[in-house]
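Participant: Below you'll find structure.csv; it's CSV, C-alpha atoms.
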chain,number,residue,atom,x,y,z
A,1,MET,CA,-14.8,-10.4,-29.3
A,2,ASP,CA,-14.9,-10.2,-25.5
A,3,GLN,CA,-12.3,-12.2,-23.6
A,4,PHE,CA,-12.4,-12.1,-19.8
A,5,THR,CA,-14.3,-14.7,-17.8
A,6,ASN,CA,-13.6,-15.9,-14.3
A,7,LEU,CA,-10.9,-18.2,-15.7
A,8,PRO,CA,-7.2,-17.2,-15.4
A,9,LEU,CA,-5.8,-15.8,-18.7
A,10,PHE,CA,-2.0,-15.4,-19.3
A,11,LEU,CA,-1.2,-12.1,-21.1
A,12,LYS,CA,2.1,-11.2,-22.6
A,13,LEU,CA,3.8,-8.0,-21.7
A,14,VAL,CA,4.3,-5.9,-24.9
A,15,LYS,CA,6.2,-3.0,-23.2
A,16,SER,CA,6.3,-0.8,-20.1
A,17,VAL,CA,7.0,2.9,-20.1
A,18,GLU,CA,8.1,5.1,-17.2
A,19,ILE,CA,5.5,7.8,-16.4
A,20,SER,CA,6.9,8.8,-13.0
A,21,PRO,CA,9.9,7.9,-10.9
A,22,ASP,CA,8.1,4.9,-9.4
A,23,THR,CA,5.3,4.2,-11.9
A,24,ARG,CA,5.1,2.6,-15.3
A,25,HIS,CA,2.5,2.3,-18.0
A,26,PHE,CA,2.2,-1.4,-18.8
A,27,TYR,CA,0.9,-2.7,-22.1
A,28,PHE,CA,-0.3,-6.3,-22.2
A,29,ALA,CA,-1.4,-8.1,-25.4
A,30,LEU,CA,-4.8,-9.7,-25.6
A,31,PRO,CA,-5.0,-13.0,-27.4
A,32,SER,CA,-5.6,-11.3,-30.8
A,33,ALA,CA,-5.8,-7.9,-32.4
A,34,ASP,CA,-9.6,-8.3,-32.4
A,35,HIS,CA,-10.1,-9.2,-28.8
A,36,LYS,CA,-11.5,-6.7,-26.3
A,37,SER,CA,-11.2,-7.0,-22.5
A,38,GLY,CA,-15.0,-7.4,-21.9
A,39,LEU,CA,-14.7,-5.2,-18.8
A,40,ILE,CA,-17.2,-2.6,-17.7
A,41,THR,CA,-16.8,0.7,-15.8
A,42,ALA,CA,-15.8,0.5,-13.1
A,43,SER,CA,-14.1,-2.9,-12.7
A,44,CYS,CA,-10.7,-4.4,-12.0
A,45,LEU,CA,-8.8,-7.6,-12.5
A,46,LEU,CA,-6.9,-9.8,-10.2
A,47,ALA,CA,-3.2,-10.4,-11.2
A,48,LYS,CA,-1.3,-13.4,-9.8
A,49,TYR,CA,2.2,-14.8,-9.7
A,50,VAL,CA,3.9,-17.6,-7.8
A,51,THR,CA,7.0,-16.9,-5.8
A,52,GLU,CA,10.1,-19.1,-5.9
A,53,LYS,CA,8.9,-20.6,-2.6
A,54,GLY,CA,5.6,-21.5,-4.2
A,55,ASN,CA,3.5,-18.9,-2.6
A,56,ASN,CA,0.7,-17.1,-4.5
A,57,VAL,CA,0.8,-13.3,-4.6
A,58,VAL,CA,-2.5,-11.8,-5.8
A,59,ARG,CA,-3.3,-8.0,-6.3
A,60,PRO,CA,-6.2,-6.1,-7.9
A,61,TYR,CA,-5.3,-3.7,-10.7
A,62,THR,CA,-7.7,-1.4,-12.6
A,63,PRO,CA,-7.0,-1.0,-16.3
A,64,ILE,CA,-6.7,2.6,-17.7
A,65,SER,CA,-7.4,1.5,-21.3
A,66,ASP,CA,-10.8,2.0,-22.8
A,67,VAL,CA,-13.2,-0.9,-22.2
A,68,GLU,CA,-13.8,-1.1,-26.0
A,69,GLN,CA,-10.1,-1.1,-26.9
A,70,LYS,CA,-9.0,-4.0,-29.0
A,71,GLY,CA,-5.8,-6.0,-28.8
A,72,GLN,CA,-4.2,-4.6,-25.7
A,73,LEU,CA,-4.9,-4.0,-22.0
A,74,GLU,CA,-3.1,-1.1,-20.3
A,75,PHE,CA,-2.3,-0.3,-16.6
A,76,ALA,CA,-0.6,2.4,-14.7
A,77,ILE,CA,1.1,0.7,-11.8
A,78,LYS,CA,3.1,2.2,-8.9
A,79,ARG,CA,6.0,0.3,-7.3
A,80,TYR,CA,6.3,0.5,-3.5
A,81,PRO,CA,9.6,-0.4,-1.8
A,82,THR,CA,8.1,-3.5,-0.1
A,83,GLY,CA,5.5,-4.2,-2.7
A,84,LYS,CA,5.9,-7.8,-3.8
A,85,PHE,CA,3.7,-7.6,-6.9
A,86,GLY,CA,5.0,-4.2,-8.0
A,87,ASN,CA,8.6,-5.3,-7.8
A,88,HIS,CA,7.7,-8.5,-9.7
A,89,LEU,CA,6.0,-6.5,-12.5
A,90,PHE,CA,8.9,-4.0,-12.8
A,91,SER,CA,11.3,-6.9,-13.2
A,92,LEU,CA,9.4,-8.4,-16.2
A,93,LYS,CA,10.8,-8.3,-19.7
A,94,GLU,CA,8.9,-8.1,-23.0
A,95,ASN,CA,6.9,-11.3,-23.8
A,96,ASP,CA,6.9,-12.4,-20.1
A,97,THR,CA,3.4,-13.3,-19.0
A,98,VAL,CA,1.1,-12.4,-16.1
A,99,SER,CA,-2.0,-14.3,-15.0
A,100,PHE,CA,-5.1,-12.2,-14.9
A,101,LYS,CA,-8.6,-13.2,-13.7
A,102,GLY,CA,-11.8,-11.2,-13.6
A,103,PRO,CA,-13.5,-8.9,-14.0
A,104,ILE,CA,-14.4,-7.8,-10.5
A,105,VAL,CA,-17.1,-5.1,-10.9
A,106,LYS,CA,-16.8,-2.3,-8.3
A,107,TRP,CA,-19.5,0.0,-9.6
A,108,GLU,CA,-21.7,-0.4,-12.7
A,109,TRP,CA,-21.9,3.1,-14.2
A,110,THR,CA,-24.9,3.9,-16.4
A,111,PRO,CA,-25.2,7.2,-18.4
A,112,ASN,CA,-26.4,10.2,-16.4
A,113,GLN,CA,-26.6,8.2,-13.2
A,114,PHE,CA,-26.0,11.4,-11.3
A,115,GLU,CA,-26.0,15.2,-12.0
A,116,ASN,CA,-22.7,15.6,-10.3
A,117,VAL,CA,-19.8,13.3,-9.5
A,118,THR,CA,-16.8,14.1,-7.3
A,119,LEU,CA,-13.8,11.9,-7.6
A,120,ILE,CA,-11.3,12.2,-4.7
A,121,GLY,CA,-8.0,10.3,-5.1
A,122,GLY,CA,-4.4,9.9,-4.1
A,123,GLY,CA,-1.4,8.3,-5.8
A,124,SER,CA,-2.2,5.2,-7.7
A,125,GLY,CA,-5.8,5.4,-6.5
A,126,ILE,CA,-6.4,7.5,-9.6
A,127,THR,CA,-6.9,4.4,-11.8
A,128,PRO,CA,-10.6,3.6,-11.0
A,129,LEU,CA,-11.4,7.3,-10.9
A,130,TYR,CA,-9.8,7.8,-14.3
A,131,GLN,CA,-11.8,4.9,-15.6
A,132,LEU,CA,-15.0,6.8,-14.5
A,133,LEU,CA,-13.7,10.1,-15.8
A,134,HIS,CA,-12.9,8.6,-19.2
A,135,GLU,CA,-16.1,6.6,-19.5
A,136,ILE,CA,-18.4,9.5,-18.6
A,137,THR,CA,-16.7,12.0,-20.9
A,138,LYS,CA,-16.4,9.8,-24.0
A,139,ASN,CA,-20.2,9.4,-24.2
A,140,PRO,CA,-21.9,12.3,-26.1
A,141,GLU,CA,-25.2,11.6,-24.3
A,142,GLU,CA,-23.7,12.3,-20.9
A,143,LYS,CA,-24.5,15.5,-19.0
A,144,THR,CA,-22.9,14.5,-15.7
A,145,LYS,CA,-20.6,17.2,-14.2
A,146,ILE,CA,-17.3,16.0,-12.7
A,147,ASN,CA,-15.0,17.4,-10.0
A,148,LEU,CA,-11.7,15.5,-9.8
A,149,VAL,CA,-9.6,16.2,-6.7
A,150,TYR,CA,-6.3,14.4,-6.9
A,151,GLY,CA,-3.4,14.5,-4.3
A,152,ASN,CA,0.2,13.4,-4.7
A,153,LYS,CA,3.6,14.0,-3.0
A,154,THR,CA,5.1,16.2,-5.7
A,155,PRO,CA,4.0,17.4,-9.2
A,156,GLY,CA,6.2,14.7,-10.7
A,157,ASP,CA,4.2,12.0,-9.0
A,158,ILE,CA,0.9,13.0,-10.7
A,159,LEU,CA,-0.2,10.0,-12.8
A,160,LEU,CA,-2.0,10.3,-16.1
A,161,LYS,CA,-1.7,14.1,-15.9
A,162,LYS,CA,-1.6,14.6,-19.7
A,163,ASP,CA,-4.6,12.4,-20.2
A,164,ILE,CA,-6.6,14.1,-17.4
A,165,ASP,CA,-5.6,17.6,-18.6
A,166,SER,CA,-6.7,16.8,-22.1
A,167,ILE,CA,-10.1,15.6,-20.9
A,168,ALA,CA,-10.5,18.7,-18.7
A,169,GLU,CA,-9.6,21.0,-21.6
A,170,LYS,CA,-11.9,19.3,-24.1
A,171,TYR,CA,-14.9,19.2,-21.6
A,172,SER,CA,-14.2,22.3,-19.7
A,173,ASP,CA,-17.9,23.0,-19.3
A,174,ARG,CA,-18.4,19.8,-17.3
A,175,VAL,CA,-15.0,18.8,-15.9
A,176,LYS,CA,-13.0,20.6,-13.2
A,177,VAL,CA,-9.7,19.2,-12.1
A,178,HIS,CA,-7.9,20.2,-8.8
A,179,TYR,CA,-4.4,18.9,-8.1
A,180,PHE,CA,-2.9,18.8,-4.6
A,181,VAL,CA,0.7,18.2,-3.8
A,182,ASP,CA,2.6,17.9,-0.5
A,183,LYS,CA,5.6,19.7,-1.9
A,184,ALA,CA,5.3,22.3,-4.6
A,185,GLU,CA,8.1,22.5,-7.2
A,186,GLY,CA,9.0,24.9,-10.0
A,187,ASP,CA,6.1,27.1,-11.2
A,188,TRP,CA,3.4,24.9,-9.5
A,189,LYS,CA,0.0,26.5,-9.9
A,190,GLY,CA,-2.2,23.9,-8.1
A,191,GLU,CA,-3.0,23.4,-4.5
A,192,THR,CA,-0.3,22.7,-1.8
A,193,GLY,CA,-1.1,20.7,1.3
A,194,PHE,CA,-3.8,18.2,2.2
A,195,ILE,CA,-7.3,17.9,0.8
A,196,THR,CA,-9.4,19.4,3.7
A,197,LYS,CA,-13.0,19.6,4.7
A,198,ASP,CA,-13.0,23.4,4.3
A,199,TRP,CA,-11.6,23.2,0.8
A,200,LEU,CA,-14.2,20.6,-0.2
A,201,ASN,CA,-17.0,22.6,1.3
A,202,LYS,CA,-16.0,25.6,-0.9
A,203,ASN,CA,-15.2,23.8,-4.1
A,204,VAL,CA,-17.4,20.8,-4.7
A,205,PRO,CA,-21.2,20.5,-4.8
A,206,HIS,CA,-22.9,20.0,-1.5
A,207,PRO,CA,-24.6,16.7,-0.5
A,208,ASP,CA,-27.8,15.6,-2.1
A,209,ALA,CA,-29.1,12.5,-3.9
A,210,SER,CA,-28.0,13.7,-7.3
A,211,HIS,CA,-24.3,14.0,-6.2
A,212,GLN,CA,-22.2,10.9,-5.8
A,213,VAL,CA,-18.6,10.9,-4.4
A,214,PHE,CA,-16.1,8.2,-5.2
A,215,VAL,CA,-12.9,7.8,-3.2
A,216,CYS,CA,-9.7,5.9,-3.8
A,217,GLY,CA,-6.2,6.2,-2.4
A,218,PRO,CA,-3.9,5.2,0.4
A,219,PRO,CA,-5.2,4.5,4.0
A,220,PRO,CA,-4.4,8.1,5.3
A,221,LEU,CA,-6.5,9.6,2.5
A,222,TYR,CA,-9.5,7.3,3.4
A,223,GLU,CA,-9.0,8.1,7.1
A,224,ALA,CA,-9.2,11.9,6.5
A,225,ILE,CA,-11.9,11.9,3.8
A,226,SER,CA,-14.3,9.0,4.2
A,227,GLY,CA,-13.1,6.4,6.6
A,228,ASN,CA,-11.6,3.1,5.4
A,229,LYS,CA,-13.4,0.1,4.0
A,230,VAL,CA,-13.8,-2.9,6.3
A,231,SER,CA,-13.3,-5.4,3.5
A,232,PRO,CA,-13.7,-5.5,-0.3
A,233,SER,CA,-17.4,-6.3,0.2
A,234,ASP,CA,-18.0,-4.0,3.2
A,235,GLN,CA,-17.8,-0.2,2.7
A,236,GLY,CA,-17.8,0.4,6.5
A,237,GLU,CA,-19.2,3.5,8.1
A,238,LEU,CA,-18.7,7.0,6.6
A,239,THR,CA,-16.4,9.2,8.7
A,240,GLY,CA,-13.9,12.0,8.1
A,241,ALA,CA,-14.4,15.2,6.1
A,242,LEU,CA,-17.3,13.9,4.0
A,243,LYS,CA,-19.3,12.8,7.1
A,244,GLU,CA,-18.7,16.2,8.7
A,245,LEU,CA,-19.9,18.0,5.5
A,246,GLY,CA,-23.2,16.1,5.7
A,247,PHE,CA,-22.7,13.3,3.2
A,248,THR,CA,-24.2,10.0,3.9
A,249,LYS,CA,-23.0,6.4,3.3
A,250,GLN,CA,-25.3,6.3,0.3
A,251,ASN,CA,-23.6,9.4,-1.3
A,252,VAL,CA,-20.1,7.9,-1.1
A,253,PHE,CA,-18.4,4.9,-2.6
A,254,LYS,CA,-14.9,3.7,-1.6
A,255,PHE,CA,-13.0,1.8,-4.2
Can you present the structure in this file as structure tokens?
Facilitator:
Amino acid sequence: MDQFTNLPLFLKLVKSVEISPDTRHFYFALPSADHKSGLITASCLLAKYVTEKGNNVVRPYTPISDVEQKGQLEFAIKRYPTGKFGNHLFSLKENDTVSFKGPIVKWEWTPNQFENVTLIGGGSGITPLYQLLHEITKNPEEKTKINLVYGNKTPGDILLKKDIDSIAEKYSDRVKVHYFVDKAEGDWKGETGFITKDWLNKNVPHPDASHQVFVCGPPPLYEAISGNKVSPSDQGELTGALKELGFTKQNVFKF
């Protein structure tokens, strides 16, 4: 039973679990245990709440739960100091509701769409990239090879690391994961510093029609890697490291 249409739907918060110092895993109940979200990969939902002054606050969020999962919808959401919606969500108690509307389809993935996919993300930008990673690897008919390049401030800020590492281990012949952090801690074995043009040139497949790159993260990541979008419906021009490496606008999608 698929649920989401373009009408708002109020979902109850089942629980939220801390997964990093400023990020929680939110579980929302669908209308019944047999309901599915009806979403496709890759798509997001619009969440809305009304402030005490009567102003609407709307933000897009990408679920991390499987599109076929029944009964619940799950999100990994980061709270920023001045983020109105994040602070609102973090203040919710069990059984409080949030209004969701959608889906908004960002990219319609079909099996074996490309030979190679590179996913470049930063911070909470991992969610649509994880959606793709999960969808591609769960399908036994898929042969697509995946390079995930994921940057964060510290090792403790890496979201969904256990899930990502589990996928990488299970599909080690097709999935390569590269973590970057600004500040290494403990026995860190990943990369330290920024994701650079030289590193990408050495570690991901070179540009061609069978290789698609997906990018999602904060504005500085876009500026360095691909250039920012102009608007949700306008990808803008390709700039940054990917442009310098010979990729074209058709080879790169910015979430």
Participant: Centre and edge lengths of an axis-aligned box around all listed atoms of region 100-108 of chain A, with 8 Å added on each side, are to be given in Å to one decimal, as AutoDock Vina command-line options.
Facilitator:
--center_x -13.4 --center_y -6.6 --center_z -11.6 --size_x 32.6 --size_y 29.2 --size_z 22.6
Participant: Quote the spacing between CA of Lys15 (chain A) and CA of Gly123 (chain A) in Å to one decimal place.
Facilitator: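 These two atoms are separated by 22.1 Å.
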Participant: Identify which of the residues A:Thr192, A:Ser65, A:Ser99, A:Ser16 lies closest to Leu133 (chain A), counting all atoms listed in the file when measuring atom-to-atom distances.
Facilitator: A:Ser65
Participant: Please compute the CA of Asp173 (chain A)-CA of Thr137 (chain A) distance, one decimal, in Å.
Facilitator: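 If I compute the distance from CA of Asp173 (chain A) to CA of Thr137 (chain A), I get 11.2 Å.
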Participant: Nearest to Phe253 (chain A): which of A:Arg24, A:Lys53, A:Lys101, A:His211 is it, counting only C-alpha atoms?
Facilitator: A:His211
Participant: Gln131 (chain A): which residues within 6 Å, counting only C-alpha atoms, same-chain residues fewer than 3 positions away excluded, as a ChimeraX atom specification?
Facilitator: /A:64,128,134
Participant: Rounded to one decimal place, report the CA of Gly190 (chain A)-CA of Phe26 (chain A) distance in Å.
Facilitator: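 Calculated distance between CA of Gly190 (chain A) and CA of Phe26 (chain A) is 27.8 Å.
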Participant: Quick one: of A:His25, A:Lys254, A:His35, A:Lys249, who's nearest to Glu74 (chain A), counting all atoms listed in the file?
Facilitator: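 Smallest distance to Glu74 (chain A) is found for A:His25.
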Participant: What lies within 8 Å of region 91-95 of chain A using all atoms listed in the file, ignoring chain neighbours under 3 positions off, as a PDB file with C-alpha atoms, keeping the file's coordinate frame?
Facilitator:
ATOM      1  CA  LYS A  12       2.100 -11.200 -22.600  1.00  0.00           C
ATOM      2  CA  LEU A  13       3.800  -8.000 -21.700  1.00  0.00           C
ATOM      3  CA  VAL A  14       4.300  -5.900 -24.900  1.00  0.00           C
ATOM      4  CA  LYS A  15       6.200  -3.000 -23.200  1.00  0.00           C
ATOM      5  CA  ASN A  87       8.600  -5.300  -7.800  1.00  0.00           C
ATOM      6  CA  HIS A  88       7.700  -8.500  -9.700  1.00  0.00           C
TER       7      HIS A  88
END
Participant: Which residue out of A:Phe180, A:Phe75, A:Tyr130, A:Phe10 has the minimum interatomic distance to Lys153 (chain A) when only C-alpha atoms are used?
Facilitator: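 For Lys153 (chain A), the nearest of the given residues is A:Phe180.
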Participant: Taking (-10.8, 10.9, -11.6) in the file's coordinates as the center, which residues reach within 10 Å of it, counting all atoms listed in the file, put as a PDB file with C-alpha atoms, keeping the file's coordinate frame?
Facilitator:
ATOM      1  CA  VAL A 117     -19.800  13.300  -9.500  1.00  0.00           C
ATOM      2  CA  THR A 118     -16.800  14.100  -7.300  1.00  0.00           C
ATOM      3  CA  LEU A 119     -13.800  11.900  -7.600  1.00  0.00           C
ATOM      4  CA  ILE A 120     -11.300  12.200  -4.700  1.00  0.00           C
ATOM      5  CA  GLY A 121      -8.000  10.300  -5.100  1.00  0.00           C
ATOM      6  CA  GLY A 122      -4.400   9.900  -4.100  1.00  0.00           C
ATOM      7  CA  GLY A 125      -5.800   5.400  -6.500  1.00  0.00           C
ATOM      8  CA  ILE A 126      -6.400   7.500  -9.600  1.00  0.00           C
ATOM      9  CA  THR A 127      -6.900   4.400 -11.800  1.00  0.00           C
ATOM     10  CA  PRO A 128     -10.600   3.600 -11.000  1.00  0.00           C
ATOM     11  CA  LEU A 129     -11.400   7.300 -10.900  1.00  0.00           C
ATOM     12  CA  TYR A 130      -9.800   7.800 -14.300  1.00  0.00           C
ATOM     13  CA  GLN A 131     -11.800   4.900 -15.600  1.00  0.00           C
ATOM     14  CA  LEU A 132     -15.000   6.800 -14.500  1.00  0.00           C
ATOM     15  CA  LEU A 133     -13.700  10.100 -15.800  1.00  0.00           C
ATOM     16  CA  HIS A 134     -12.900   8.600 -19.200  1.00  0.00           C
ATOM     17  CA  ILE A 146     -17.300  16.000 -12.700  1.00  0.00           C
ATOM     18  CA  ASN A 147     -15.000  17.400 -10.000  1.00  0.00           C
ATOM     19  CA  LEU A 148     -11.700  15.500  -9.800  1.00  0.00           C
ATOM     20  CA  VAL A 149      -9.600  16.200  -6.700  1.00  0.00           C
ATOM     21  CA  TYR A 150      -6.300  14.400  -6.900  1.00  0.00           C
ATOM     22  CA  LEU A 160      -2.000  10.300 -16.100  1.00  0.00           C
ATOM     23  CA  ILE A 164      -6.600  14.100 -17.400  1.00  0.00           C
ATOM     24  CA  VAL A 175     -15.000  18.800 -15.900  1.00  0.00           C
ATOM     25  CA  VAL A 177      -9.700  19.200 -12.100  1.00  0.00           C
ATOM     26  CA  PHE A 214     -16.100   8.200  -5.200  1.00  0.00           C
ATOM     27  CA  VAL A 215     -12.900   7.800  -3.200  1.00  0.00           C
ATOM     28  CA  CYS A 216      -9.700   5.900  -3.800  1.00  0.00           C
TER      29      CYS A 216
END
Participant: Compare A:Val67, A:Ile77, A:Leu9, A:Ala168 by their minimum atom-to-atom distance to Ile40 (chain A), counting all atoms listed in the file, and give me the closest one.
Facilitator: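 Of A:Val67, A:Ile77, A:Leu9, A:Ala168, the one nearest Ile40 (chain A) is A:Val67, counting all atoms listed in the file.
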Participant: Which residue out of A:Thr239, A:Asn116, A:Asn228, A:Asn203 has the minimum interatomic distance to His178 (chain A) when only C-alpha atoms are used?
Facilitator: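 Smallest distance to His178 (chain A) is found for A:Asn203.
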Participant: Fewer than 5 positions away in the same chain doesn't count, so skip those; otherwise give me all residues within 8 Å of Phe194 (chain A), counting only C-alpha atoms, as a VMD selection string.
Facilitator: chain A and resid 151 180 to 182
Participant: Can you pull out the residues contacting Ser32 (chain A)? Cut-off 12 Å, using all atoms listed in the file, and skip same-chain residues under 3 positions away; I want them as JSON, numbers by chain.
Facilitator: {"A": [1, 2, 3, 11, 12, 28, 29, 35, 36, 37, 69, 70, 71, 72, 73]}
Participant: Please identify all polymer residues within 8 Å of Pro111 (chain A), counting all atoms listed in the file, omitting same-chain residues fewer than 2 positions from it, and present them as number ranges by chain.
Facilitator: A: 109, 113, 136, 139, 141-142
Participant: Could you give me region 205-221 of chain A completed to N, CA, C and O atoms, formatted as a compact mmCIF listing (two decimals), keeping the file's coordinate frame?
Facilitator:
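Final output, rebuild_8.txt:
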# COMPACT_ATOMS: atom_id res chain seq x y z
N PRO A 205 -19.80 20.36 -5.11
CA PRO A 205 -21.20 20.50 -4.80
C PRO A 205 -21.55 19.90 -3.41
O PRO A 205 -20.91 18.96 -2.95
N HIS A 206 -22.53 20.47 -2.78
CA HIS A 206 -22.90 20.00 -1.50
C HIS A 206 -23.73 18.71 -1.56
O HIS A 206 -24.17 18.31 -2.64
N PRO A 207 -23.91 18.02 -0.43
CA PRO A 207 -24.60 16.70 -0.50
C PRO A 207 -26.03 16.78 -0.93
O PRO A 207 -26.78 17.65 -0.49
N ASP A 208 -26.39 15.90 -1.83
CA ASP A 208 -27.80 15.60 -2.10
C ASP A 208 -27.82 14.32 -2.95
O ASP A 208 -26.78 13.79 -3.35
N ALA A 209 -29.01 13.81 -3.22
CA ALA A 209 -29.10 12.50 -3.90
C ALA A 209 -28.60 12.48 -5.29
O ALA A 209 -28.31 11.41 -5.83
N SER A 210 -28.46 13.66 -5.92
CA SER A 210 -28.00 13.70 -7.30
C SER A 210 -26.46 13.89 -7.39
O SER A 210 -25.91 14.07 -8.46
N HIS A 211 -25.78 13.83 -6.23
CA HIS A 211 -24.30 14.00 -6.20
C HIS A 211 -23.68 12.81 -5.54
O HIS A 211 -23.91 12.52 -4.36
N GLN A 212 -22.85 12.10 -6.30
CA GLN A 212 -22.20 10.90 -5.80
C GLN A 212 -20.66 11.18 -5.70
O GLN A 212 -20.06 11.73 -6.63
N VAL A 213 -20.06 10.75 -4.59
CA VAL A 213 -18.60 10.90 -4.40
C VAL A 213 -17.96 9.53 -4.45
O VAL A 213 -18.46 8.56 -3.85
N PHE A 214 -16.85 9.45 -5.17
CA PHE A 214 -16.10 8.20 -5.20
C PHE A 214 -14.67 8.52 -4.69
O PHE A 214 -14.06 9.55 -5.03
N VAL A 215 -14.15 7.63 -3.84
CA VAL A 215 -12.90 7.80 -3.20
C VAL A 215 -11.95 6.66 -3.41
O VAL A 215 -12.37 5.50 -3.32
N CYS A 216 -10.67 6.94 -3.71
CA CYS A 216 -9.70 5.90 -3.80
C CYS A 216 -8.29 6.41 -3.58
O CYS A 216 -7.90 7.42 -4.18
N GLY A 217 -7.56 5.74 -2.69
CA GLY A 217 -6.20 6.20 -2.40
C GLY A 217 -5.62 5.40 -1.24
O GLY A 217 -6.17 4.38 -0.82
N PRO A 218 -4.51 5.87 -0.71
CA PRO A 218 -3.90 5.20 0.40
C PRO A 218 -4.67 5.34 1.70
O PRO A 218 -5.53 6.23 1.80
N PRO A 219 -4.43 4.49 2.70
CA PRO A 219 -5.20 4.50 4.00
C PRO A 219 -5.30 5.93 4.59
O PRO A 219 -6.41 6.29 5.05
N PRO A 220 -4.23 6.75 4.63
CA PRO A 220 -4.40 8.10 5.30
C PRO A 220 -5.41 8.95 4.55
O PRO A 220 -6.09 9.75 5.20
N LEU A 221 -5.53 8.81 3.23
CA LEU A 221 -6.50 9.60 2.50
C LEU A 221 -7.94 9.14 2.91
O LEU A 221 -8.80 9.98 3.21
